[in-house]
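K.L.:
Sharing a structure below in structure tokens format, with a few things to ask.
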Amino acid sequence: MLQQVKSYLNFLYHSKNEHGVHSPFVFDLVTKCFYDKQHYPEYKLLKNYRKALLQNKNTIEVTDFGAGSRVFKSNTRAINQIAKTAGISSKRAKLLFRITRYFQPENILEIGTSLGLATAALSLGNPKSKITTLEGCENTLAVAHHQFEAFDLTNIRSVATEFSSFIKNLQPITYNIQLIYFDGNHSKAATLEYFELLLPTVTNETVWIFDDIHWSADMESAWEVIKHHPKVTVTIDTFQWGLVFFRKEQPKEHFVIRV
């Protein structure tokens, strides 16, 4: 916890808003997407999706393949408590919706479904997209899948799998992935493994979003490696997320943006 406090204070010290951004690409993203104040009707659907989970007091046995939970001491967990403590926040779900709406990716990969709060935001951001979402725990994925059906989110393919094995088996024909949301195993080794395995899929239009980049010193170290990779041109640190772009026409530059 102390490490996160230090990281946040450091973030606040270095962060800027749109007035400190001199890249036209990043300036447009910040002003037209990050700071978009329009109230979209999809926000109500996201709210109702969350509300349904928060009202679900059933328990499930969770299989955790990642870095583990700082909140739960048992693998038997109430669905409403998972949604309350482990799911994407309402504010970030709206931002993820806006990012997806802004870039309009045709194919999306999500690594780590959990209860599908982020998946719903991705789905509503571009209903015409094809989303593949991966989850290691079958019981958790079953709850998410039920939610997808209840809210008529028909552009989502749910896969119960170990992440690295699925990624290693990606065929070249499936490489046309414009957006990847990394919210799975929050460890340096796993994060960098997924990063390296998925590099062959990148194009000039690729958008990658890494969740919890300041979750631990381990994740911060992974983020530094990603930022300085030669194929990466632009990165944006929003504290919670790290956005990565591979745009060849952009000079290599790192931004720290308050959202």
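Chains: A, B, ... in order of the structure tokens. Residues: from 1 per chain. Ligands: from 1, in order shown.
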Among segment 125-223 of chain A, which residues does DSSP mark as strand (DSSP E or B) when it is run on the backbone? Keep the chain and numbering as in the structure and answer as a ChimeraX atom specification.
P.N.:
/A:130-135,156-160,179-182,207-211
K.L.:
Store the residues of this selection in a file with C-alpha atoms, as an mmCIF file, in the first residue's frame.
P.N.:
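Saved file result02.cif follows:
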```
data_model
loop_
_atom_site.group_PDB
_atom_site.id
_atom_site.type_symbol
_atom_site.label_atom_id
_atom_site.label_comp_id
_atom_site.auth_asym_id
_atom_site.auth_seq_id
_atom_site.Cartn_x
_atom_site.Cartn_y
_atom_site.Cartn_z
ATOM 1 C CA LYS A 130 -15.856 -8.868 -32.455
ATOM 2 C CA ILE A 131 -14.624 -9.382 -28.905
ATOM 3 C CA THR A 132 -12.737 -12.389 -27.589
ATOM 4 C CA THR A 133 -12.432 -12.361 -23.817
ATOM 5 C CA LEU A 134 -10.265 -14.818 -21.877
ATOM 6 C CA GLU A 135 -10.803 -15.977 -18.305
ATOM 7 C CA ILE A 156 -18.612 -11.313 -27.264
ATOM 8 C CA ARG A 157 -16.913 -14.717 -27.471
ATOM 9 C CA SER A 158 -15.990 -16.013 -24.007
ATOM 10 C CA VAL A 159 -13.117 -18.474 -23.676
ATOM 11 C CA ALA A 160 -12.148 -20.317 -20.487
ATOM 12 C CA LEU A 179 -7.390 -3.256 -29.340
ATOM 13 C CA ILE A 180 -6.125 -5.444 -26.504
ATOM 14 C CA TYR A 181 -7.117 -4.893 -22.873
ATOM 15 C CA PHE A 182 -4.665 -6.568 -20.495
ATOM 16 C CA VAL A 207 -4.138 0.224 -29.130
ATOM 17 C CA TRP A 208 -3.036 -1.700 -26.040
ATOM 18 C CA ILE A 209 -4.303 -0.936 -22.544
ATOM 19 C CA PHE A 210 -2.515 -2.387 -19.514
ATOM 20 C CA ASP A 211 -4.465 -2.316 -16.257
#
```
K.L.:
Set out as JSON lines a contact list for segment 61-124 of chain A and segment 12-36 of chain A with a cut-off of 10 Å, giving each residue of segment 61-124 of chain A that qualifies its closest atom pair and distance in Å to one decimal, counting only C-alpha atoms, ordered by chain and rising residue number.
P.N.:
```
{"residue": "A:Lys94", "atom": "CA", "partner": "A:Phe34", "partner_atom": "CA", "distance": 9.7}
{"residue": "A:Leu95", "atom": "CA", "partner": "A:Phe34", "partner_atom": "CA", "distance": 6.6}
{"residue": "A:Leu96", "atom": "CA", "partner": "A:Phe34", "partner_atom": "CA", "distance": 9.3}
{"residue": "A:Phe97", "atom": "CA", "partner": "A:Cys33", "partner_atom": "CA", "distance": 9.6}
{"residue": "A:Arg98", "atom": "CA", "partner": "A:Cys33", "partner_atom": "CA", "distance": 5.9}
{"residue": "A:Ile99", "atom": "CA", "partner": "A:Cys33", "partner_atom": "CA", "distance": 6.3}
{"residue": "A:Thr100", "atom": "CA", "partner": "A:Cys33", "partner_atom": "CA", "distance": 9.5}
{"residue": "A:Arg101", "atom": "CA", "partner": "A:Cys33", "partner_atom": "CA", "distance": 8.6}
{"residue": "A:Tyr102", "atom": "CA", "partner": "A:Cys33", "partner_atom": "CA", "distance": 6.5}
{"residue": "A:Phe103", "atom": "CA", "partner": "A:Leu29", "partner_atom": "CA", "distance": 9.4}
```
K.L.:
With N, CA and C atoms retained, export the selected residues as a CSV table (one decimal), in the first residue's frame.
P.N.:
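Below you can see part18.csv, which holds the result:
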```csv
chain,number,residue,atom,x,y,z
A,94,LYS,N,-16.7,3.8,-18.0
A,94,LYS,CA,-17.1,4.8,-18.9
A,94,LYS,C,-15.9,5.3,-19.8
A,95,LEU,N,-14.8,5.4,-19.3
A,95,LEU,CA,-13.6,5.8,-20.1
A,95,LEU,C,-13.3,4.7,-21.1
A,96,LEU,N,-13.3,3.4,-20.7
A,96,LEU,CA,-13.0,2.3,-21.6
A,96,LEU,C,-14.1,2.3,-22.7
A,97,PHE,N,-15.3,2.6,-22.4
A,97,PHE,CA,-16.3,2.7,-23.4
A,97,PHE,C,-16.0,3.8,-24.4
A,98,ARG,N,-15.5,5.0,-23.9
A,98,ARG,CA,-15.2,6.1,-24.8
A,98,ARG,C,-14.0,5.8,-25.6
A,99,ILE,N,-13.0,5.2,-25.1
A,99,ILE,CA,-11.8,4.8,-25.9
A,99,ILE,C,-12.2,3.9,-27.0
A,100,THR,N,-13.0,2.9,-26.7
A,100,THR,CA,-13.5,2.0,-27.7
A,100,THR,C,-14.3,2.7,-28.8
A,101,ARG,N,-15.2,3.6,-28.3
A,101,ARG,CA,-16.0,4.4,-29.3
A,101,ARG,C,-15.1,5.3,-30.1
A,102,TYR,N,-14.1,5.8,-29.6
A,102,TYR,CA,-13.2,6.7,-30.3
A,102,TYR,C,-12.4,6.0,-31.4
A,103,PHE,N,-11.8,4.9,-31.1
A,103,PHE,CA,-11.0,4.2,-32.0
A,103,PHE,C,-11.8,3.2,-32.9
```
K.L.:
Would you pick out the contacts of Lys168 of chain A at 10 Å or less, using only C-alpha atoms, so that residues sharing its chain but fewer than 5 positions from it are not included, and give the list as a list in words?
P.N.:
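Non-adjacent residues within range: Phe163, Tyr194, Leu197 and Leu198 of chain A.
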K.L.:
Please, could you write that set of residues out with N, CA, C and O atoms as a JSON list (two decimals), in the first residue's frame?
P.N.:
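Contents of the output file out.json:
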```
[["chain", "number", "residue", "atom", "x", "y", "z"],
["A", 163, "PHE", "N", -4.11, -18.08, -20.14],
["A", 163, "PHE", "CA", -3.88, -17.01, -21.09],
["A", 163, "PHE", "C", -2.73, -17.29, -22.06],
["A", 163, "PHE", "O", -2.88, -17.15, -23.27],
["A", 194, "TYR", "N", 2.99, -11.91, -22.17],
["A", 194, "TYR", "CA", 1.88, -11.59, -23.07],
["A", 194, "TYR", "C", 2.29, -10.51, -24.06],
["A", 194, "TYR", "O", 1.95, -10.57, -25.25],
["A", 197, "LEU", "N", 4.56, -12.08, -26.73],
["A", 197, "LEU", "CA", 3.82, -13.03, -27.56],
["A", 197, "LEU", "C", 2.88, -12.32, -28.54],
["A", 197, "LEU", "O", 2.64, -12.80, -29.66],
["A", 198, "LEU", "N", 2.36, -11.16, -28.13],
["A", 198, "LEU", "CA", 1.37, -10.47, -28.96],
["A", 198, "LEU", "C", 1.98, -9.41, -29.87],
["A", 198, "LEU", "O", 1.27, -8.85, -30.72]]
```
K.L.:
Go through A:Glu42, A:Ala118, A:Gln147, A:Thr140 and flag the residue nearest Glu61 of chain A, using only C-alpha atoms for the distances.
P.N.:
A:Thr140
K.L.:
Tell me, in Å to one decimal, how far atom CA of Val143 of chain A is from atom CA of Lys188 of chain A.
P.N.:
28.1 Å
K.L.:
Given the choices A:Gln178, A:Thr76, A:Thr63, A:Gln104, which gets closest to Leu124 of chain A if the distance is worked out from only C-alpha atoms?
P.N.:
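Closest candidate: A:Gln104.
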K.L.:
Neighbours of Lys84 of chain A within 10 Å (only C-alpha atoms; same-chain residues fewer than 3 positions away dropped), as a CSV table (one decimal) with C-alpha atoms, in the first residue's frame?
P.N.:
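This went into selection-v5.csv:
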```
chain,number,residue,atom,x,y,z
A,50,ARG,CA,-23.0,-3.3,-12.4
A,51,LYS,CA,-26.2,-3.1,-10.4
A,53,LEU,CA,-23.9,-7.9,-10.1
A,54,LEU,CA,-24.0,-5.9,-6.9
A,78,ALA,CA,-19.8,-13.6,-3.1
A,79,ILE,CA,-20.4,-12.3,-6.6
A,80,ASN,CA,-21.5,-8.9,-5.3
A,81,GLN,CA,-18.2,-8.5,-3.3
A,87,GLY,CA,-14.1,-5.1,-10.9
A,88,ILE,CA,-13.4,-2.1,-13.0
A,89,SER,CA,-14.8,1.1,-11.4
```
K.L.:
Taking the DSSP assignment computed from this structure's backbone, write out as a PDB file with N, CA and C atoms, in the first residue's frame all residues of segment 159-200 of chain A that belong to helix (DSSP H, G or I).
P.N.:
```
ATOM      1  N   PHE A 163      -4.113 -18.083 -20.140  1.00  0.00           N
ATOM      2  CA  PHE A 163      -3.876 -17.007 -21.093  1.00  0.00           C
ATOM      3  C   PHE A 163      -2.735 -17.287 -22.064  1.00  0.00           C
ATOM      4  N   SER A 164      -1.571 -17.636 -21.547  1.00  0.00           N
ATOM      5  CA  SER A 164      -0.401 -17.775 -22.417  1.00  0.00           C
ATOM      6  C   SER A 164      -0.588 -18.879 -23.443  1.00  0.00           C
ATOM      7  N   SER A 165      -1.256 -19.982 -23.065  1.00  0.00           N
ATOM      8  CA  SER A 165      -1.456 -21.076 -24.017  1.00  0.00           C
ATOM      9  C   SER A 165      -2.378 -20.633 -25.152  1.00  0.00           C
ATOM     10  N   PHE A 166      -3.401 -19.836 -24.834  1.00  0.00           N
ATOM     11  CA  PHE A 166      -4.297 -19.330 -25.877  1.00  0.00           C
ATOM     12  C   PHE A 166      -3.535 -18.412 -26.824  1.00  0.00           C
ATOM     13  N   ILE A 167      -2.751 -17.501 -26.253  1.00  0.00           N
ATOM     14  CA  ILE A 167      -2.012 -16.528 -27.070  1.00  0.00           C
ATOM     15  C   ILE A 167      -0.996 -17.230 -27.961  1.00  0.00           C
ATOM     16  N   LYS A 168      -0.332 -18.246 -27.418  1.00  0.00           N
ATOM     17  CA  LYS A 168       0.672 -18.974 -28.198  1.00  0.00           C
ATOM     18  C   LYS A 168       0.044 -19.686 -29.392  1.00  0.00           C
ATOM     19  N   PRO A 172      -2.006 -16.785 -37.591  1.00  0.00           N
ATOM     20  CA  PRO A 172      -1.810 -15.515 -38.319  1.00  0.00           C
ATOM     21  C   PRO A 172      -3.094 -14.912 -38.849  1.00  0.00           C
ATOM     22  N   ILE A 173      -4.064 -15.734 -39.182  1.00  0.00           N
ATOM     23  CA  ILE A 173      -5.319 -15.212 -39.731  1.00  0.00           C
ATOM     24  C   ILE A 173      -6.091 -14.405 -38.687  1.00  0.00           C
ATOM     25  N   THR A 174      -5.793 -14.660 -37.407  1.00  0.00           N
ATOM     26  CA  THR A 174      -6.502 -13.963 -36.324  1.00  0.00           C
ATOM     27  C   THR A 174      -5.728 -12.752 -35.831  1.00  0.00           C
ATOM     28  N   LYS A 188       4.992  -9.159 -13.274  1.00  0.00           N
ATOM     29  CA  LYS A 188       5.906  -8.684 -14.310  1.00  0.00           C
ATOM     30  C   LYS A 188       6.160  -9.763 -15.349  1.00  0.00           C
ATOM     31  N   ALA A 189       6.453 -10.969 -14.889  1.00  0.00           N
ATOM     32  CA  ALA A 189       6.805 -12.055 -15.810  1.00  0.00           C
ATOM     33  C   ALA A 189       5.664 -12.334 -16.781  1.00  0.00           C
ATOM     34  N   ALA A 190       4.431 -12.451 -16.266  1.00  0.00           N
ATOM     35  CA  ALA A 190       3.292 -12.767 -17.125  1.00  0.00           C
ATOM     36  C   ALA A 190       2.971 -11.613 -18.063  1.00  0.00           C
ATOM     37  N   THR A 191       2.995 -10.392 -17.542  1.00  0.00           N
ATOM     38  CA  THR A 191       2.687  -9.221 -18.364  1.00  0.00           C
ATOM     39  C   THR A 191       3.647  -9.097 -19.539  1.00  0.00           C
ATOM     40  N   LEU A 192       4.930  -9.276 -19.263  1.00  0.00           N
ATOM     41  CA  LEU A 192       5.927  -9.161 -20.336  1.00  0.00           C
ATOM     42  C   LEU A 192       5.852 -10.355 -21.288  1.00  0.00           C
ATOM     43  N   GLU A 193       5.448 -11.516 -20.773  1.00  0.00           N
ATOM     44  CA  GLU A 193       5.270 -12.667 -21.664  1.00  0.00           C
ATOM     45  C   GLU A 193       4.149 -12.397 -22.664  1.00  0.00           C
ATOM     46  N   TYR A 194       2.995 -11.908 -22.169  1.00  0.00           N
ATOM     47  CA  TYR A 194       1.880 -11.590 -23.066  1.00  0.00           C
ATOM     48  C   TYR A 194       2.291 -10.506 -24.059  1.00  0.00           C
ATOM     49  N   PHE A 195       3.017  -9.504 -23.576  1.00  0.00           N
ATOM     50  CA  PHE A 195       3.479  -8.405 -24.424  1.00  0.00           C
ATOM     51  C   PHE A 195       4.314  -8.944 -25.582  1.00  0.00           C
ATOM     52  N   GLU A 196       5.293  -9.781 -25.288  1.00  0.00           N
ATOM     53  CA  GLU A 196       6.181 -10.318 -26.324  1.00  0.00           C
ATOM     54  C   GLU A 196       5.430 -11.245 -27.274  1.00  0.00           C
ATOM     55  N   LEU A 197       4.555 -12.078 -26.732  1.00  0.00           N
ATOM     56  CA  LEU A 197       3.821 -13.030 -27.564  1.00  0.00           C
ATOM     57  C   LEU A 197       2.878 -12.320 -28.539  1.00  0.00           C
ATOM     58  N   LEU A 198       2.355 -11.163 -28.128  1.00  0.00           N
ATOM     59  CA  LEU A 198       1.373 -10.472 -28.957  1.00  0.00           C
ATOM     60  C   LEU A 198       1.978  -9.413 -29.870  1.00  0.00           C
ATOM     61  N   LEU A 199       3.251  -9.152 -29.744  1.00  0.00           N
ATOM     62  CA  LEU A 199       3.896  -8.160 -30.608  1.00  0.00           C
ATOM     63  C   LEU A 199       3.708  -8.435 -32.103  1.00  0.00           C
ATOM     64  N   PRO A 200       3.701  -9.709 -32.551  1.00  0.00           N
ATOM     65  CA  PRO A 200       3.486  -9.950 -33.984  1.00  0.00           C
ATOM     66  C   PRO A 200       2.129  -9.475 -34.504  1.00  0.00           C
TER      67      PRO A 200
END
```
K.L.:
Do you have the atom CA of Lys44 of chain A-atom CA of Ile236 of chain A distance handy?
P.N.:
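So the answer is 27.8 Å.
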K.L.:
Could you check how far atom CA of Asp237 of chain A sits from atom CA of Glu205 of chain A, in Å to one decimal?
P.N.:
18.6 Å
K.L.:
My list of candidates is A:Phe148, A:Gly112, A:Ala217, A:His254. Which is closest to Val232 of chain A when distances are computed with only C-alpha atoms?
P.N.:
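Among the listed residues, A:His254 lies closest to Val232 of chain A.
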